$ cat upload.cif   # mmCIF, C-alpha atoms
data_run
#
loop_
_atom_site.label_atom_id
_atom_site.label_comp_id
_atom_site.auth_asym_id
_atom_site.auth_seq_id
_atom_site.Cartn_x
_atom_site.Cartn_y
_atom_site.Cartn_z
CA MET A 12 85.53 126.77 98.33
CA GLU A 13 87.07 125.82 94.99
CA PHE A 14 89.30 122.75 94.88
CA SER A 15 91.92 121.62 92.43
CA VAL A 16 93.21 118.13 91.63
CA ARG A 17 96.69 117.42 90.24
CA SER A 18 98.80 114.32 89.63
CA SER A 19 102.03 115.99 90.73
CA LEU A 20 103.06 119.01 92.77
CA PRO A 21 105.93 121.48 92.66
CA LEU A 22 108.88 120.42 94.79
CA ARG A 23 108.10 123.17 97.33
CA HIS A 24 105.26 120.90 98.59
CA LEU A 25 107.67 118.06 99.43
CA GLU A 26 107.53 118.53 103.21
CA GLU A 27 103.70 118.67 103.19
CA VAL A 28 103.53 115.51 101.06
CA GLU A 29 105.91 113.68 103.42
CA GLU A 30 103.80 114.74 106.41
CA LEU A 31 100.56 113.57 104.80
CA VAL A 32 101.93 110.26 103.49
CA PHE A 33 104.14 109.13 106.36
CA PHE A 34 103.14 111.07 109.49
CA ASN A 35 99.37 111.39 109.20
CA GLU A 36 97.81 111.15 112.68
CA ARG A 37 94.77 109.25 111.40
CA GLN A 38 96.89 106.32 110.19
CA ARG A 39 96.56 104.79 113.64
CA GLU A 40 92.83 104.32 113.08
CA VAL A 41 93.45 101.99 110.12
CA ARG A 42 96.87 100.62 111.09
CA SER A 43 96.01 96.94 110.51
CA ARG A 44 94.64 97.67 107.03
CA ILE A 45 97.68 99.78 106.15
CA LEU A 46 99.97 96.90 107.16
CA GLU A 47 97.90 94.53 105.02
CA LEU A 48 98.11 96.86 102.02
CA LEU A 49 101.87 97.29 102.52
CA GLU A 50 102.17 93.52 102.31
CA LEU A 51 100.13 93.40 99.09
CA TYR A 52 101.39 96.47 97.22
CA GLY A 53 104.58 97.54 98.97
CA PRO A 54 105.23 100.81 100.78
CA PRO A 55 104.46 104.21 99.32
CA GLN A 56 107.35 106.27 98.10
CA ILE A 57 107.76 109.91 97.23
CA LEU A 58 109.07 110.33 93.71
CA ARG A 59 110.84 113.38 92.32
CA SER A 60 110.88 114.21 88.64
CA GLY A 61 112.70 117.43 87.87
CA GLU A 62 110.92 120.10 89.90
CA ASP A 63 107.85 117.95 90.60
CA VAL A 64 106.92 115.47 93.30
CA ARG A 65 104.33 112.67 93.35
CA VAL A 66 103.60 109.52 95.35
CA GLY A 67 104.00 105.96 94.07
CA LEU A 68 104.34 102.41 95.33
CA VAL A 69 107.66 100.58 95.57
CA ARG A 70 106.29 97.33 94.11
CA ARG A 71 103.87 98.89 91.63
CA PRO A 72 105.49 101.46 89.34
CA ASP A 73 102.13 101.76 87.56
CA ALA A 74 100.50 103.31 90.65
CA GLN A 75 99.18 106.83 90.21
CA CYS A 76 98.28 109.56 92.63
CA LEU A 77 96.00 112.56 92.79
CA PHE A 78 96.57 115.50 95.08
CA LEU A 79 93.69 117.63 96.31
CA LEU A 80 94.51 121.32 96.70
CA SER A 81 92.55 124.21 98.18
CA ASP A 82 92.41 126.07 94.84
CA GLU A 83 94.28 126.51 91.56
CA THR A 84 96.62 129.30 92.65
CA GLU A 85 100.36 129.10 93.32
CA ALA A 86 99.64 129.48 97.04
CA ALA A 87 97.19 126.53 97.14
CA GLU A 88 97.29 124.36 100.26
CA LEU A 89 97.65 120.58 100.06
CA LEU A 90 94.48 119.02 101.49
CA GLY A 91 94.89 115.35 100.63
CA PHE A 92 96.01 112.67 98.25
CA ALA A 93 94.83 109.32 96.90
CA LEU A 94 96.99 106.51 95.54
CA PHE A 95 95.42 104.13 93.04
CA LEU A 96 96.23 101.61 90.31
CA ARG A 97 94.57 99.51 87.67
CA ASP A 98 94.36 96.07 89.26
CA SER A 99 92.33 94.50 86.44
CA ALA A 100 90.97 95.43 83.04
CA ASP A 101 87.72 96.75 84.50
CA THR A 102 88.80 98.11 87.91
CA LEU A 103 90.84 100.94 89.39
CA THR A 104 91.79 100.13 92.99
CA VAL A 105 92.26 102.92 95.52
CA VAL A 106 95.08 101.75 97.80
CA HIS A 107 95.43 104.78 100.07
CA VAL A 108 93.60 108.02 100.82
CA ALA A 109 94.78 110.64 103.30
CA VAL A 110 93.34 114.09 104.01
CA VAL A 111 94.21 116.86 106.43
CA GLU A 112 91.92 117.38 109.40
CA GLY A 113 90.00 120.44 110.40
CA VAL A 114 89.23 121.88 106.96
CA LEU A 115 85.86 123.62 106.71
CA THR A 116 84.14 125.50 103.89
CA GLU A 117 83.21 129.18 104.18
CA ASP A 118 79.83 128.17 105.67
CA GLU A 119 81.56 125.95 108.28
CA ALA A 120 80.59 122.69 106.53
CA ASP A 121 82.74 119.59 106.17
CA PRO A 122 84.02 119.62 102.56
CA LEU A 123 84.21 115.78 102.45
CA LEU A 124 87.78 115.81 101.11
CA ALA A 125 88.14 112.02 100.81
CA MET A 126 84.90 111.83 98.82
CA ARG A 127 86.12 114.58 96.51
CA LEU A 128 89.26 112.55 95.81
CA LEU A 129 87.24 109.38 95.16
CA ASN A 130 84.90 111.26 92.83
CA SER A 131 87.92 112.63 90.95
CA ILE A 132 89.24 109.08 90.47
CA ARG A 133 85.78 107.98 89.34
CA ARG A 134 85.67 110.80 86.73
CA LEU A 135 89.15 109.81 85.59
CA ALA A 136 88.00 106.17 85.28
CA GLN A 137 85.17 107.27 82.99
CA ARG A 138 87.80 108.27 80.43
CA ILE A 139 89.67 104.94 80.54
CA ARG A 140 88.41 102.33 78.12
CA GLY A 141 87.07 99.21 79.81
CA VAL A 142 87.08 100.50 83.40
CA LYS A 143 83.70 99.90 85.05
CA TRP A 144 84.55 100.03 88.77
CA VAL A 145 86.54 101.99 91.31
CA ARG A 146 87.34 99.66 94.19
CA VAL A 147 88.03 101.24 97.59
CA LEU A 148 89.72 99.00 100.15
CA TYR A 149 88.53 99.38 103.74
CA GLY A 150 88.88 97.28 106.90
CA ARG A 151 90.12 93.72 106.83
CA GLY A 152 88.21 91.65 104.30
CA SER A 153 85.83 94.31 103.01
CA GLU A 154 85.75 96.70 100.11
CA THR A 155 83.38 99.04 98.33
CA ARG A 156 83.06 99.09 94.56
CA LEU A 157 81.85 102.36 93.07
CA PRO A 158 80.46 102.11 89.55
CA VAL A 159 82.16 104.33 87.01
CA SER A 160 78.82 104.86 85.28
CA SER A 161 76.30 106.73 87.39
CA ARG A 162 73.56 104.25 86.44
CA SER A 163 74.49 101.61 89.04
CA GLY A 164 74.79 101.85 92.82
CA ALA A 165 77.79 101.09 95.02
CA GLU A 166 78.37 97.54 96.22
CA THR A 167 79.91 96.51 99.50
CA GLN A 168 81.50 93.08 99.62
CA PRO A 169 82.73 91.15 102.67
#
$ encode --input "upload.cif" --output "structure tokens"
Amino acid sequence: MEFSVRSSLPLRHLEEVEELVFFNERQREVRSRILELLELYGPPQILRSGEDVRVGLVRRPDAQCLFLLSDETEAAELLGFALFLRDSADTLTVVHVAVVEGVLTEDEADPLLAMRLLNSIRRLAQRIRGVKWVRVLYGRGSETRLPVSSRSGAETQP
């Protein structure tokens, strides 16, 4: 299965984006963390620019998003998105990740969609001067920092 990553989508994906951002069934599992992140960064918002759509944060206009698609064709399916920002000179912080459920590869394997998004952000971070870490926020009070360089291992902090 070939995947594609884009920072915006054609407007025809608007309903799918709304469903993934605001009505994702798995949000219940991390509800307390989502509320905490809403307090810190503000709510997500869907932004239209001409014929394109992307996701941002109300309080952080510098937030960026990546969409994960099933392939690079016009008929590609939206599989997930990640919302991130540069919180400090050396760190990109992933504020939100959401993926659709039930996607399998041709050989019935789990394609690890969230990890694909995080790896895409890590590759992006490698091209930004000074960025050394991708920070992923998890449950209350903990986070994981992924090194941008492949020489170091991930760190988990309480």
$ resolve_selection --input "upload.cif" --expression "the PyMOL selection byres ((chain A and resi 14) around 10)" --output "ChimeraX atom specification"
/A:12-13,15-16,79-83,87-88,90,122,124,127
$ residues_near_point --input "upload.cif" --point "(100.6, 121.1, 91.1)" --cutoff "10 Å" --atoms "all atoms listed in the file" --output "PyMOL selection string"
chain A and resi 15-24+63-65+77-80+83-85+87+89
$ write_last_selection --input "upload.cif" --atoms "C-alpha atoms" --output "mmCIF file, in the frame of the given file"
data_model
loop_
_atom_site.group_PDB
_atom_site.id
_atom_site.type_symbol
_atom_site.label_atom_id
_atom_site.label_comp_id
_atom_site.auth_asym_id
_atom_site.auth_seq_id
_atom_site.Cartn_x
_atom_site.Cartn_y
_atom_site.Cartn_z
ATOM 1 C CA SER A 15 91.920 121.620 92.430
ATOM 2 C CA VAL A 16 93.210 118.130 91.630
ATOM 3 C CA ARG A 17 96.690 117.420 90.240
ATOM 4 C CA SER A 18 98.800 114.320 89.630
ATOM 5 C CA SER A 19 102.030 115.990 90.730
ATOM 6 C CA LEU A 20 103.060 119.010 92.770
ATOM 7 C CA PRO A 21 105.930 121.480 92.660
ATOM 8 C CA LEU A 22 108.880 120.420 94.790
ATOM 9 C CA ARG A 23 108.100 123.170 97.330
ATOM 10 C CA HIS A 24 105.260 120.900 98.590
ATOM 11 C CA ASP A 63 107.850 117.950 90.600
ATOM 12 C CA VAL A 64 106.920 115.470 93.300
ATOM 13 C CA ARG A 65 104.330 112.670 93.350
ATOM 14 C CA LEU A 77 96.000 112.560 92.790
ATOM 15 C CA PHE A 78 96.570 115.500 95.080
ATOM 16 C CA LEU A 79 93.690 117.630 96.310
ATOM 17 C CA LEU A 80 94.510 121.320 96.700
ATOM 18 C CA GLU A 83 94.280 126.510 91.560
ATOM 19 C CA THR A 84 96.620 129.300 92.650
ATOM 20 C CA GLU A 85 100.360 129.100 93.320
ATOM 21 C CA ALA A 87 97.190 126.530 97.140
ATOM 22 C CA LEU A 89 97.650 120.580 100.060
#
$ atom_distance --input "upload.cif" --atom1 "CA of Val145 in chain A" --atom2 "CA of Glu26 in chain A"
29.3 Å
$ residues_around --input "upload.cif" --residues "Tyr52 in chain A" --least-positions-apart "4" --cutoff "9 Å" --atoms "only C-alpha atoms" --output "mmCIF file with C-alpha atoms, keeping the file's coordinate frame"
data_model
loop_
_atom_site.group_PDB
_atom_site.id
_atom_site.type_symbol
_atom_site.label_atom_id
_atom_site.label_comp_id
_atom_site.auth_asym_id
_atom_site.auth_seq_id
_atom_site.Cartn_x
_atom_site.Cartn_y
_atom_site.Cartn_z
ATOM 1 C CA GLU A 47 97.900 94.530 105.020
ATOM 2 C CA LEU A 48 98.110 96.860 102.020
ATOM 3 C CA LEU A 68 104.340 102.410 95.330
ATOM 4 C CA VAL A 69 107.660 100.580 95.570
ATOM 5 C CA ARG A 70 106.290 97.330 94.110
ATOM 6 C CA ARG A 71 103.870 98.890 91.630
ATOM 7 C CA VAL A 106 95.080 101.750 97.800
#
$ closest_residue --input "upload.cif" --among "A:Pro72, A:Val159, A:Glu50, A:Val32" --to "Val108 in chain A" --atoms "all atoms listed in the file"
A:Val32
$ closest_residue --input "upload.cif" --among "A:Gly67, A:Pro54, A:Gly141, A:Pro158" --to "Asp101 in chain A" --atoms "only C-alpha atoms"
A:Gly141
$ residues_around --input "upload.cif" --residues "Val105 in chain A" --least-positions-apart "6" --cutoff "6 Å" --atoms "only C-alpha atoms" --output "list in words"
Leu94, Phe95 and Val147 of chain A
$ resolve_selection --input "upload.cif" --expression "the PyMOL selection byres ((chain A and resi 97-99) around 10)" --output "VMD selection string"
chain A and resid 73 to 75 95 to 96 100 to 105 136 141 to 142 144 to 146
$ closest_residue --input "upload.cif" --among "A:Ala86, A:Gln56, A:Val110, A:Gly61" --to "Leu128 in chain A" --atoms "all atoms listed in the file"
A:Val110
$ closest_residue --input "upload.cif" --among "A:Gly53, A:Leu46, A:Phe92, A:Arg59" --to "Leu25 in chain A" --atoms "all atoms listed in the file"
A:Arg59
$ closest_residue --input "upload.cif" --among "A:Cys76, A:Val66, A:Ala93, A:Ala109" --to "Leu129 in chain A" --atoms "all atoms listed in the file"
A:Ala93
$ atom_distance --input "upload.cif" --atom1 "CA of His107 in chain A" --atom2 "CA of Phe34 in chain A"
13.7 Å
$ atom_distance --input "upload.cif" --atom1 "CA of Leu157 in chain A" --atom2 "CA of Arg138 in chain A"
15.2 Å
$ closest_residue --input "upload.cif" --among "A:Leu123, A:Ser160, A:Glu154, A:Phe33" --to "Gln137 in chain A" --atoms "only C-alpha atoms"
A:Ser160
